[in-house]
Structures are given as C-alpha cells and as structure tokens.
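Undergrad: So I've got this file, input.cif, and it contains mmCIF, C-alpha atoms and all ligand atoms:
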data_upload
loop_
_atom_site.group_PDB
_atom_site.id
_atom_site.type_symbol
_atom_site.label_atom_id
_atom_site.label_comp_id
_atom_site.auth_asym_id
_atom_site.auth_seq_id
_atom_site.Cartn_x
_atom_site.Cartn_y
_atom_site.Cartn_z
ATOM 1 C CA ALA A 1 -17.236 17.539 -23.461
ATOM 2 C CA SER A 2 -18.975 14.228 -23.063
ATOM 3 C CA SER A 3 -18.999 12.331 -19.814
ATOM 4 C CA GLY A 4 -17.861 9.224 -21.616
ATOM 5 C CA GLY A 5 -19.836 6.021 -21.916
ATOM 6 C CA CYS A 6 -17.296 4.822 -24.386
ATOM 7 C CA GLU A 7 -14.887 2.420 -22.694
ATOM 8 C CA ASN A 8 -12.186 3.236 -25.237
ATOM 9 C CA GLN A 9 -11.973 6.804 -24.099
ATOM 10 C CA MET A 10 -10.591 5.784 -20.717
ATOM 11 C CA GLU A 11 -8.278 3.203 -22.233
ATOM 12 C CA ASN A 12 -6.958 5.589 -24.870
ATOM 13 C CA ARG A 13 -6.178 8.186 -22.265
ATOM 14 C CA MET A 14 -4.631 5.782 -19.789
ATOM 15 C CA LYS A 15 -2.504 3.783 -22.195
ATOM 16 C CA HIS A 16 0.201 6.452 -21.848
ATOM 17 C CA VAL A 17 0.167 6.215 -18.047
ATOM 18 C CA LYS A 18 2.418 3.450 -16.725
ATOM 19 C CA GLN A 19 1.055 3.138 -13.198
ATOM 20 C CA ALA A 20 -1.112 4.779 -10.564
ATOM 21 C CA VAL A 21 -0.244 5.195 -6.906
ATOM 22 C CA LEU A 22 -3.333 5.704 -4.745
ATOM 23 C CA VAL A 23 -2.738 7.651 -1.543
ATOM 24 C CA LEU A 24 -5.364 6.715 1.049
ATOM 25 C CA SER A 25 -6.071 7.355 4.699
ATOM 26 C CA GLY A 26 -8.674 6.227 7.189
ATOM 27 C CA LYS A 27 -9.049 9.657 8.752
ATOM 28 C CA GLY A 28 -8.853 13.264 7.576
ATOM 29 C CA GLY A 29 -6.106 15.567 8.749
ATOM 30 C CA VAL A 30 -3.387 12.925 8.956
ATOM 31 C CA GLY A 31 -1.389 14.503 6.143
ATOM 32 C CA LYS A 32 -2.538 12.376 3.213
ATOM 33 C CA SER A 33 -2.659 15.285 0.738
ATOM 34 C CA THR A 34 0.693 16.575 1.934
ATOM 35 C CA VAL A 35 2.281 13.146 1.501
ATOM 36 C CA ALA A 36 0.695 12.702 -1.954
ATOM 37 C CA ALA A 37 1.963 16.106 -3.115
ATOM 38 C CA SER A 38 5.437 15.595 -1.657
ATOM 39 C CA LEU A 39 5.731 12.159 -3.217
ATOM 40 C CA ALA A 40 4.760 13.556 -6.624
ATOM 41 C CA VAL A 41 7.273 16.422 -6.367
ATOM 42 C CA MET A 42 10.099 14.131 -5.250
ATOM 43 C CA LEU A 43 9.421 11.568 -7.978
ATOM 44 C CA ALA A 44 9.538 14.395 -10.528
ATOM 45 C CA LYS A 45 12.872 15.547 -9.103
ATOM 46 C CA GLN A 46 14.230 12.124 -9.999
ATOM 47 C CA GLY A 47 13.321 12.798 -13.610
ATOM 48 C CA LYS A 48 10.043 10.858 -13.652
ATOM 49 C CA LYS A 49 7.022 12.145 -15.548
ATOM 50 C CA VAL A 50 4.466 12.580 -12.813
ATOM 51 C CA GLY A 51 0.797 13.521 -12.661
ATOM 52 C CA LEU A 52 -1.046 14.389 -9.467
ATOM 53 C CA LEU A 53 -4.828 14.002 -9.430
ATOM 54 C CA ASP A 54 -6.751 15.463 -6.510
ATOM 55 C CA VAL A 55 -10.096 13.696 -6.223
ATOM 56 C CA ASP A 56 -11.104 15.081 -2.865
ATOM 57 C CA PHE A 57 -14.357 16.664 -4.050
ATOM 58 C CA HIS A 58 -15.268 18.045 -0.634
ATOM 59 C CA GLY A 59 -11.904 19.470 0.297
ATOM 60 C CA PRO A 60 -9.505 19.661 -2.643
ATOM 61 C CA SER A 61 -6.283 20.873 -1.036
ATOM 62 C CA GLN A 62 -3.723 20.303 -3.770
ATOM 63 C CA PRO A 63 -4.172 23.730 -5.436
ATOM 64 C CA THR A 64 -3.578 25.406 -2.051
ATOM 65 C CA LEU A 65 -0.396 23.424 -1.357
ATOM 66 C CA PHE A 66 1.050 24.800 -4.599
ATOM 67 C CA GLY A 67 -0.429 28.305 -4.320
ATOM 68 C CA LEU A 68 -2.722 27.726 -7.302
ATOM 69 C CA GLN A 69 -6.105 28.091 -5.605
ATOM 70 C CA HIS A 70 -7.079 31.047 -7.789
ATOM 71 C CA GLU A 71 -6.118 29.409 -11.081
ATOM 72 C CA ARG A 72 -8.672 27.884 -13.432
ATOM 73 C CA LEU A 73 -7.702 25.238 -15.977
ATOM 74 C CA GLU A 74 -8.225 25.703 -19.685
ATOM 75 C CA GLU A 75 -9.499 23.240 -22.219
ATOM 76 C CA GLY A 76 -6.876 22.502 -24.892
ATOM 77 C CA PRO A 77 -7.210 20.634 -28.206
ATOM 78 C CA ASN A 78 -6.727 17.287 -26.456
ATOM 79 C CA GLY A 79 -8.746 17.924 -23.326
ATOM 80 C CA LEU A 80 -8.245 19.674 -20.013
ATOM 81 C CA VAL A 81 -4.687 20.878 -19.600
ATOM 82 C CA PRO A 82 -3.270 20.158 -16.135
ATOM 83 C CA ALA A 83 -1.385 22.880 -14.262
ATOM 84 C CA GLU A 84 2.412 22.548 -14.545
ATOM 85 C CA VAL A 85 4.010 23.139 -11.174
ATOM 86 C CA ALA A 86 7.239 21.942 -9.514
ATOM 87 C CA GLY A 87 7.847 19.582 -12.432
ATOM 88 C CA ILE A 88 4.510 17.804 -12.070
ATOM 89 C CA ARG A 89 1.175 17.962 -13.875
ATOM 90 C CA LEU A 90 -1.589 18.778 -11.440
ATOM 91 C CA MET A 91 -5.304 18.226 -11.903
ATOM 92 C CA SER A 92 -7.773 18.940 -9.144
ATOM 93 C CA VAL A 93 -11.513 19.271 -8.910
ATOM 94 C CA GLY A 94 -10.664 22.552 -7.183
ATOM 95 C CA LEU A 95 -9.199 23.834 -10.464
ATOM 96 C CA VAL A 96 -12.286 23.128 -12.559
ATOM 97 C CA LEU A 97 -15.184 24.077 -10.302
ATOM 98 C CA ASP A 98 -16.739 27.478 -11.067
ATOM 99 C CA ASN A 99 -16.397 28.675 -7.512
ATOM 100 C CA PRO A 100 -13.917 26.857 -5.296
ATOM 101 C CA ASP A 101 -15.564 28.350 -2.193
ATOM 102 C CA HIS A 102 -18.910 26.699 -2.889
ATOM 103 C CA ALA A 103 -19.530 23.430 -1.062
ATOM 104 C CA VAL A 104 -19.739 20.402 -3.329
ATOM 105 C CA ILE A 105 -23.003 18.611 -2.610
ATOM 106 C CA TRP A 106 -22.951 15.528 -4.774
ATOM 107 C CA ARG A 107 -24.110 12.013 -4.176
ATOM 108 C CA GLY A 108 -21.995 8.970 -4.902
ATOM 109 C CA PRO A 109 -22.977 8.441 -8.562
ATOM 110 C CA ALA A 110 -22.264 12.089 -9.400
ATOM 111 C CA LYS A 111 -18.826 11.844 -7.822
ATOM 112 C CA THR A 112 -18.092 8.602 -9.634
ATOM 113 C CA GLY A 113 -19.151 10.274 -12.895
ATOM 114 C CA ALA A 114 -16.992 13.316 -12.194
ATOM 115 C CA LEU A 115 -13.966 11.152 -11.410
ATOM 116 C CA LYS A 116 -14.462 9.215 -14.635
ATOM 117 C CA GLN A 117 -14.711 12.474 -16.529
ATOM 118 C CA LEU A 118 -11.539 13.860 -14.938
ATOM 119 C CA LEU A 119 -9.645 10.691 -15.825
ATOM 120 C CA GLU A 120 -10.955 10.621 -19.376
ATOM 121 C CA GLU A 121 -10.683 14.261 -20.217
ATOM 122 C CA THR A 122 -7.393 15.318 -18.690
ATOM 123 C CA ASP A 123 -4.584 15.620 -21.192
ATOM 124 C CA TRP A 124 -1.882 13.979 -19.071
ATOM 125 C CA GLY A 125 0.362 13.090 -21.979
ATOM 126 C CA GLU A 126 2.848 10.359 -21.085
ATOM 127 C CA LEU A 127 3.262 9.621 -17.391
ATOM 128 C CA ASP A 128 5.523 7.271 -15.469
ATOM 129 C CA CYS A 129 3.309 7.640 -12.450
ATOM 130 C CA LEU A 130 -0.083 9.117 -11.623
ATOM 131 C CA VAL A 131 -0.347 9.917 -7.914
ATOM 132 C CA MET A 132 -3.964 10.073 -6.761
ATOM 133 C CA ASP A 133 -5.045 11.932 -3.634
ATOM 134 C CA PHE A 134 -8.350 10.466 -2.413
ATOM 135 C CA PRO A 135 -10.714 11.721 0.276
ATOM 136 C CA PRO A 136 -10.282 10.031 3.658
ATOM 137 C CA GLY A 137 -12.076 6.737 4.215
ATOM 138 C CA THR A 138 -13.166 4.086 1.803
ATOM 139 C CA GLY A 139 -16.065 5.789 0.044
ATOM 140 C CA ASP A 140 -17.307 6.240 -3.503
ATOM 141 C CA GLU A 141 -14.253 8.013 -4.858
ATOM 142 C CA SER A 142 -11.713 5.432 -3.702
ATOM 143 C CA LEU A 143 -13.913 2.584 -4.867
ATOM 144 C CA ALA A 144 -14.476 4.226 -8.263
ATOM 145 C CA GLY A 145 -10.768 4.987 -8.604
ATOM 146 C CA CYS A 146 -9.866 1.364 -8.010
ATOM 147 C CA GLN A 147 -12.522 0.052 -10.354
ATOM 148 C CA LEU A 148 -12.229 2.555 -13.213
ATOM 149 C CA LEU A 149 -8.486 2.697 -13.767
ATOM 150 C CA PRO A 150 -7.410 0.216 -16.450
ATOM 151 C CA ILE A 151 -3.713 0.427 -15.465
ATOM 152 C CA PRO A 152 -1.550 -1.191 -12.750
ATOM 153 C CA LYS A 153 -2.278 0.445 -9.417
ATOM 154 C CA ARG A 154 -0.867 0.196 -5.923
ATOM 155 C CA ALA A 155 -1.678 2.015 -2.713
ATOM 156 C CA ILE A 156 0.042 3.876 0.099
ATOM 157 C CA VAL A 157 -1.874 4.272 3.357
ATOM 158 C CA VAL A 158 -1.106 7.317 5.513
ATOM 159 C CA THR A 159 -1.776 7.366 9.245
ATOM 160 C CA THR A 160 -0.715 9.160 12.417
ATOM 161 C CA PRO A 161 0.648 7.144 15.344
ATOM 162 C CA GLN A 162 -2.473 7.409 17.539
ATOM 163 C CA GLU A 163 -4.618 4.343 18.128
ATOM 164 C CA VAL A 164 -7.802 5.951 16.675
ATOM 165 C CA ALA A 165 -6.078 6.667 13.396
ATOM 166 C CA LEU A 166 -4.468 3.241 13.283
ATOM 167 C CA ALA A 167 -7.837 1.487 13.594
ATOM 168 C CA ASP A 168 -9.137 3.334 10.512
ATOM 169 C CA CYS A 169 -5.902 2.705 8.714
ATOM 170 C CA ARG A 170 -6.483 -1.026 9.178
ATOM 171 C CA LYS A 171 -9.824 -0.652 7.341
ATOM 172 C CA CYS A 172 -8.020 1.002 4.441
ATOM 173 C CA VAL A 173 -5.583 -1.881 4.163
ATOM 174 C CA ASP A 174 -8.527 -4.289 4.228
ATOM 175 C CA PHE A 175 -10.274 -2.237 1.516
ATOM 176 C CA CYS A 176 -7.222 -2.522 -0.750
ATOM 177 C CA ARG A 177 -6.983 -6.230 -0.122
ATOM 178 C CA ARG A 178 -10.620 -6.784 -1.098
ATOM 179 C CA LEU A 179 -10.193 -4.749 -4.272
ATOM 180 C CA GLU A 180 -6.931 -6.534 -5.048
ATOM 181 C CA VAL A 181 -4.890 -3.345 -5.025
ATOM 182 C CA PRO A 182 -1.425 -4.177 -3.643
ATOM 183 C CA VAL A 183 -0.421 -2.038 -0.671
ATOM 184 C CA ILE A 184 3.113 -0.662 -1.122
ATOM 185 C CA GLY A 185 3.146 0.156 2.566
ATOM 186 C CA ILE A 186 2.076 2.357 5.431
ATOM 187 C CA VAL A 187 3.413 5.870 6.001
ATOM 188 C CA GLU A 188 3.305 7.112 9.570
ATOM 189 C CA ASN A 189 3.024 10.904 9.524
ATOM 190 C CA MET A 190 3.280 13.444 12.345
ATOM 191 C CA SER A 191 5.402 10.864 13.998
ATOM 192 C CA GLY A 192 7.467 12.837 16.480
ATOM 193 C CA PHE A 193 8.188 16.558 16.364
ATOM 194 C CA VAL A 194 11.258 18.380 15.104
ATOM 195 C CA CYS A 195 12.171 21.211 17.480
ATOM 196 C CA PRO A 196 12.589 24.411 15.448
ATOM 197 C CA ASP A 197 15.296 25.611 17.841
ATOM 198 C CA CYS A 198 17.554 22.609 18.209
ATOM 199 C CA SER A 199 16.335 20.327 15.351
ATOM 200 C CA ALA A 200 16.056 17.440 17.818
ATOM 201 C CA ARG A 201 13.216 14.985 17.319
ATOM 202 C CA HIS A 202 10.712 14.458 20.173
ATOM 203 C CA GLU A 203 8.209 11.598 20.182
ATOM 204 C CA LEU A 204 5.040 13.478 21.170
ATOM 205 C CA PHE A 205 2.514 10.779 20.362
ATOM 206 C CA GLY A 206 4.600 7.791 21.320
ATOM 207 C CA THR A 207 6.259 5.547 18.811
ATOM 208 C CA GLY A 208 5.823 2.193 17.221
ATOM 209 C CA GLY A 209 2.099 2.346 16.343
ATOM 210 C CA GLY A 210 2.717 2.305 12.593
ATOM 211 C CA ALA A 211 5.303 -0.431 12.921
ATOM 212 C CA ARG A 212 2.976 -2.635 14.980
ATOM 213 C CA LEU A 213 0.145 -2.160 12.498
ATOM 214 C CA ALA A 214 2.422 -2.848 9.546
ATOM 215 C CA GLU A 215 3.624 -6.052 11.125
ATOM 216 C CA LYS A 216 0.110 -7.194 11.963
ATOM 217 C CA GLU A 217 -1.133 -6.501 8.436
ATOM 218 C CA GLY A 218 1.939 -7.953 6.792
ATOM 219 C CA VAL A 219 2.799 -4.776 4.854
ATOM 220 C CA PRO A 220 5.951 -2.647 5.135
ATOM 221 C CA LEU A 221 6.171 0.513 7.218
ATOM 222 C CA LEU A 222 7.707 2.779 4.597
ATOM 223 C CA ALA A 223 8.531 5.859 6.660
ATOM 224 C CA SER A 224 7.879 7.787 9.868
ATOM 225 C CA ILE A 225 7.633 11.444 8.904
ATOM 226 C CA PRO A 226 8.068 13.928 11.768
ATOM 227 C CA LEU A 227 5.814 16.894 12.412
ATOM 228 C CA ASP A 228 7.782 19.931 11.314
ATOM 229 C CA PRO A 229 6.173 23.339 12.032
ATOM 230 C CA ALA A 230 8.316 25.052 9.385
ATOM 231 C CA PHE A 231 7.123 22.568 6.772
ATOM 232 C CA LEU A 232 3.517 23.177 7.833
ATOM 233 C CA LYS A 233 3.995 26.907 7.357
ATOM 234 C CA SER A 234 5.409 26.435 3.853
ATOM 235 C CA CYS A 235 2.426 24.228 2.956
ATOM 236 C CA ASP A 236 0.009 26.830 4.310
ATOM 237 C CA PHE A 237 1.691 29.501 2.189
ATOM 238 C CA GLY A 238 1.311 27.401 -0.935
ATOM 239 C CA GLU A 239 5.031 26.657 -1.031
ATOM 240 C CA LEU A 240 5.191 22.911 -0.481
ATOM 241 C CA PRO A 241 8.154 22.355 -2.867
ATOM 242 C CA ALA A 242 10.235 25.004 -1.048
ATOM 243 C CA GLY A 243 9.185 23.541 2.308
ATOM 244 C CA LEU A 244 10.437 20.138 1.208
ATOM 245 C CA GLU A 245 13.786 21.643 0.223
ATOM 246 C CA LYS A 246 14.171 23.190 3.648
ATOM 247 C CA SER A 247 13.002 20.321 5.855
ATOM 248 C CA SER A 248 15.623 17.607 5.585
ATOM 249 C CA ALA A 249 13.918 15.555 8.316
ATOM 250 C CA VAL A 250 10.674 15.355 6.334
ATOM 251 C CA ARG A 251 12.483 14.871 3.037
ATOM 252 C CA GLY A 252 14.689 12.103 4.403
ATOM 253 C CA GLU A 253 11.683 10.014 5.380
ATOM 254 C CA LEU A 254 9.834 10.737 2.133
ATOM 255 C CA ASP A 255 12.895 9.555 0.237
ATOM 256 C CA LYS A 256 12.170 6.089 1.576
ATOM 257 C CA VAL A 257 8.625 6.269 0.175
ATOM 258 C CA VAL A 258 9.965 7.393 -3.196
ATOM 259 C CA ARG A 259 12.328 4.416 -3.288
ATOM 260 C CA ALA A 260 9.462 2.025 -2.577
ATOM 261 C CA VAL A 261 7.374 3.423 -5.459
HETATM 262 P P1 LIG A 301 -5.287 15.160 4.981
HETATM 263 O O1 LIG A 301 -5.068 15.162 3.510
HETATM 264 O O2 LIG A 301 -5.023 13.823 5.599
HETATM 265 O O3 LIG A 301 -6.620 15.709 5.402
HETATM 266 P P2 LIG A 301 -3.354 17.324 5.037
HETATM 267 O O4 LIG A 301 -2.308 16.814 4.119
HETATM 268 O O5 LIG A 301 -4.288 18.352 4.508
HETATM 269 O O6 LIG A 301 -4.191 16.124 5.663
HETATM 270 O O7 LIG A 301 -2.586 17.851 6.340
HETATM 271 C C1 LIG A 301 -3.273 18.451 7.416
HETATM 272 C C2 LIG A 301 -2.429 19.588 7.979
HETATM 273 O O8 LIG A 301 -1.234 19.071 8.560
HETATM 274 C C3 LIG A 301 -1.968 20.571 6.937
HETATM 275 O O9 LIG A 301 -1.981 21.855 7.508
HETATM 276 C C4 LIG A 301 -0.541 20.150 6.634
HETATM 277 O O10 LIG A 301 0.262 21.249 6.208
HETATM 278 C C5 LIG A 301 -0.087 19.636 7.970
HETATM 279 N N1 LIG A 301 0.942 18.586 7.887
HETATM 280 C C6 LIG A 301 0.856 17.384 7.294
HETATM 281 N N2 LIG A 301 1.967 16.656 7.476
HETATM 282 C C7 LIG A 301 2.808 17.426 8.211
HETATM 283 C C8 LIG A 301 4.121 17.257 8.736
HETATM 284 N N3 LIG A 301 4.804 16.127 8.565
HETATM 285 N N4 LIG A 301 4.671 18.282 9.437
HETATM 286 C C9 LIG A 301 3.974 19.417 9.637
HETATM 287 N N5 LIG A 301 2.738 19.639 9.179
HETATM 288 C C10 LIG A 301 2.152 18.657 8.471
#
Take the structure from the file and write it as structure tokens.
TA:
Amino acid sequence: ASSGGCENQMENRMKHVKQAVLVLSGKGGVGKSTVAASLAVMLAKQGKKVGLLDVDFHGPSQPTLFGLQHERLEEGPNGLVPAEVAGIRLMSVGLVLDNPDHAVIWRGPAKTGALKQLLEETDWGELDCLVMDFPPGTGDESLAGCQLLPIPKRAIVVTTPQEVALADCRKCVDFCRRLEVPVIGIVENMSGFVCPDCSARHELFGTGGGARLAEKEGVPLLASIPLDPAFLKSCDFGELPAGLEKSSAVRGELDKVVRAV
C-alpha cells in the first residue's frame, strides 16, 4: 500500500465521514482513552455509525479496552478493515504493528506519515462520527490530525480535577483555538469516587476545578465522571462495554457528553 502523496486519496476516503471528534488531554492517565472509547460505544448505541481511531503510537490502549490486543487487522479489497466491536469500527496502531509489545520509536515526521496512512487506508465505510483518541499533550499527532482531516472537526478535552492537570488542560484548549478547532467542552474525569459498598459519591480530589476552568476559557463543562473501581476493573479486563452497562454513575455523566456531540 502506498503512503499517499495524492491529496484525493484522503478526500475520497473522508467524504463518507460526516465529522470527527478529537479527544485530547494535557496529561496522560486522566482517562482520555476510556472517555473516547465510551463515547464511541454510547454513540453507536444510539444508532449512529461510529469509527474509533486510536492514534496513540506510544501507548495504544483501545485494543486492550475491548479485549482485542491479540488481534491483527486484515487488508481487504478496499483497504484495512477495522475491527467490529460493540457496534463500532475500531482502528488502532496497536492492531497493525507486527509486535504490539515492541516500543514505537518514531520521530514526528514518521508519526505524521503513519497517521496519514491510517486515515487514507482504513476502510471506514460511511460514518456519522469518527472519534479520535490522541496521545496526551499537543504534539505531532494532534497537530497532524487537525491539519490532515478534510472534514468538520471538534474537540473534547479530558482532565482530572487537580490543579496540575487543569493547567495542561488549558494548553489543550489554547491549542484548539489556534488551530481553529471548536472545543465542544471539557470533561472532568475521576471527579469524585463512587463507593462500591453504598454507591454514594465522595469528592476525593475536591470539586469545581473543571467548572472554574470551563468558565475561564469560555467553554462548557460537559460532565463530571466519577471514579468507579468496578468500571476500572471492567476496562482492565477488556470489557469496557459491559462496564458501561453496569456503572450507571459513569454512564449518566457520559450521556451528557453524547448529547453535546
Ligand atoms: P489516558 O488515556 O488519559 O492515559 P486511560 O483512559 O488509559 O487514560 O485511563 C487510565 C486508567 O484509569 C485506566 O486504568 C482506566 O481504566 C482508568 N479510568 C479512567 N477513567 C476512569 C473512571 N471514571 N473510573 C475508574 N477508572 C477509570
């Protein structure tokens, strides 16, 4: 397969994709991949045609969230065929690398090239929404994603309530502004803790950080998703869709994000 060079290749592929939603975060470990995956699954449940593209070259976690880490994708007549799982079409660098346990040591241009190739060569078919899970920060992949995609795109920024995470989140919002990608809103994750015994919600890290940031930046705070240990376990076992079914506290907040998309 060619790495492109022909502008039409990208446009031909993307003309069947109505919009892209970029999921970004300033820091790693805030739950960006989990939010991206959950959003994709919940949009699909509403009957939308949804693709999920994992462009975290250094730590692709989408295959793991769906228990597909040992799968390898095949090339079909129209390009790479995404994995079908929980009603979505999933493409991840983790599903095309020869050995998912090998570290990816690529410089910026190589990653930009690989992202372009993934976008051009994946046989998405028709999509209402392509959810994109980027690496944390505002590096090559996010920049390339914003610049390469010839379709309407908007962003969701995921943060935790702590001040350190909020500062980096602010940079993400600024990044989107400079690249003229509208920010749908901020999602505060790990915001409070749901007690597995009594289901009560406890505010471990304080509250209001996401709301204050949202107000300052003039973007909506879409949701405050609690930390739910049972949900974490489901994700670790590669059963994110089942975890979502079980955790009504997490699902209730994510519903608000779905409505905003
Ligand atoms: P990131 O993509 O920002 O690096 P991940 O989505 O990989 O973060 O999440 C980091 C860890 O936190 C994972 O183990 C994930 O299952 C867990 N996690 C994320 N959000 C929640 C939540 N709301 N409740 C419980 N665990 C969560």
Undergrad: Could you tell me which residues the PyMOL selection byres (((chain A and resi 88-101) around 7) and not hetatm) grabs in this file, written as a VMD selection string?
TA: chain A and resid 40 to 41 44 50 to 55 57 60 62 to 63 71 to 73 82 to 87 102 to 103
Undergrad: Produce a file of the selected residues containing C-alpha atoms, as a short mmCIF file (atom, residue, chain, number, x, y, z; two decimals), in the coordinates of the input.
TA:
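Written output follows (again_15.cif):
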data_model
loop_
_atom_site.label_atom_id
_atom_site.label_comp_id
_atom_site.auth_asym_id
_atom_site.auth_seq_id
_atom_site.Cartn_x
_atom_site.Cartn_y
_atom_site.Cartn_z
CA ALA A 40 4.76 13.56 -6.62
CA VAL A 41 7.27 16.42 -6.37
CA ALA A 44 9.54 14.40 -10.53
CA VAL A 50 4.47 12.58 -12.81
CA GLY A 51 0.80 13.52 -12.66
CA LEU A 52 -1.05 14.39 -9.47
CA LEU A 53 -4.83 14.00 -9.43
CA ASP A 54 -6.75 15.46 -6.51
CA VAL A 55 -10.10 13.70 -6.22
CA PHE A 57 -14.36 16.66 -4.05
CA PRO A 60 -9.51 19.66 -2.64
CA GLN A 62 -3.72 20.30 -3.77
CA PRO A 63 -4.17 23.73 -5.44
CA GLU A 71 -6.12 29.41 -11.08
CA ARG A 72 -8.67 27.88 -13.43
CA LEU A 73 -7.70 25.24 -15.98
CA PRO A 82 -3.27 20.16 -16.14
CA ALA A 83 -1.38 22.88 -14.26
CA GLU A 84 2.41 22.55 -14.54
CA VAL A 85 4.01 23.14 -11.17
CA ALA A 86 7.24 21.94 -9.51
CA GLY A 87 7.85 19.58 -12.43
CA HIS A 102 -18.91 26.70 -2.89
CA ALA A 103 -19.53 23.43 -1.06
#
Undergrad: Could you check which of A:Ser199, A:Ser234, A:Gln117, A:Ser247 is closest to A:Thr64, using all atoms listed in the file?
TA: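 Smallest distance to A:Thr64 is found for A:Ser234.
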Undergrad: To test your reading of the syntax: which residues would the PyMOL selection byres (((chain A and resi 201-208) around 12) and not hetatm) return for the file shown? Reply as a PyMOL selection string.
TA: chain A and resi 160-166+188-200+209-215+221+223-228+249-250
Undergrad: For a quick check of understanding, using all atoms listed in the file, which of A:Leu24, A:Ala242, A:Leu80, A:Ile156 has the smallest distance to ligand LIG 301 (chain A)?
TA: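 Answer, going by the shortest atom-to-atom distance: A:Leu24.
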Undergrad: Take atom CA of A:Gly47 and atom CA of A:Glu126 and report the distance between them in Å, one decimal.
TA: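 Computed distance, atom CA of A:Gly47 to atom CA of A:Glu126, equals 13.1 Å.
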Undergrad: For the structure provided, state which residues fall under the PyMOL selection byres (((not hetatm)) within 7 of (chain A and resi 301)), and present them as a list in words.
TA: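 Applying the expression gives Ser25, Lys27, Gly28, Gly29, Val30, Gly31, Lys32, Ser33, Thr34, Val35, Ser61, Pro136, Asn189, Met190, Ile225, Pro226, Leu227, Asp228, Pro229, Phe231, Leu232, Lys233, Cys235, Asp236 and Val250 of chain A.
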Undergrad: What does the structure give for the distance between atom CA of A:Ala167 and atom CA of A:Glu217, in Å to one decimal?
TA: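 These atoms are spaced 11.6 Å apart.
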Undergrad: With distances taken over all atoms listed in the file, which of A:Asp133, A:Glu141, A:Glu180, A:Asp168 is nearest to A:Leu39?
TA: A:Asp133
Undergrad: What's the separation between atom CA of A:Leu68 and atom CA of A:Leu244, in Å to one decimal place?
TA: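 Separating atom CA of A:Leu68 from atom CA of A:Leu244 is a distance of 17.4 Å.
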Undergrad: Select, from A:Lys216, A:Arg177, A:Arg251, A:Arg13, the residue with the minimum atom-to-atom distance to A:Asp123, counting only C-alpha atoms.
TA: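 That would be A:Arg13, the residue with the smallest distance to A:Asp123.
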Undergrad: Which residue gives the smallest distance to A:Trp124 among A:Gly145, A:Gly218, A:Pro241, A:Gly79, with all atoms listed in the file counted?
TA: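 Ranked by minimum distance to A:Trp124, first place goes to A:Gly79.
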Undergrad: Between A:Cys172, A:Ala230, A:Val219, A:Leu130, which one has atoms that come closest to A:Val157, using all atoms listed in the file?
TA: A:Cys172
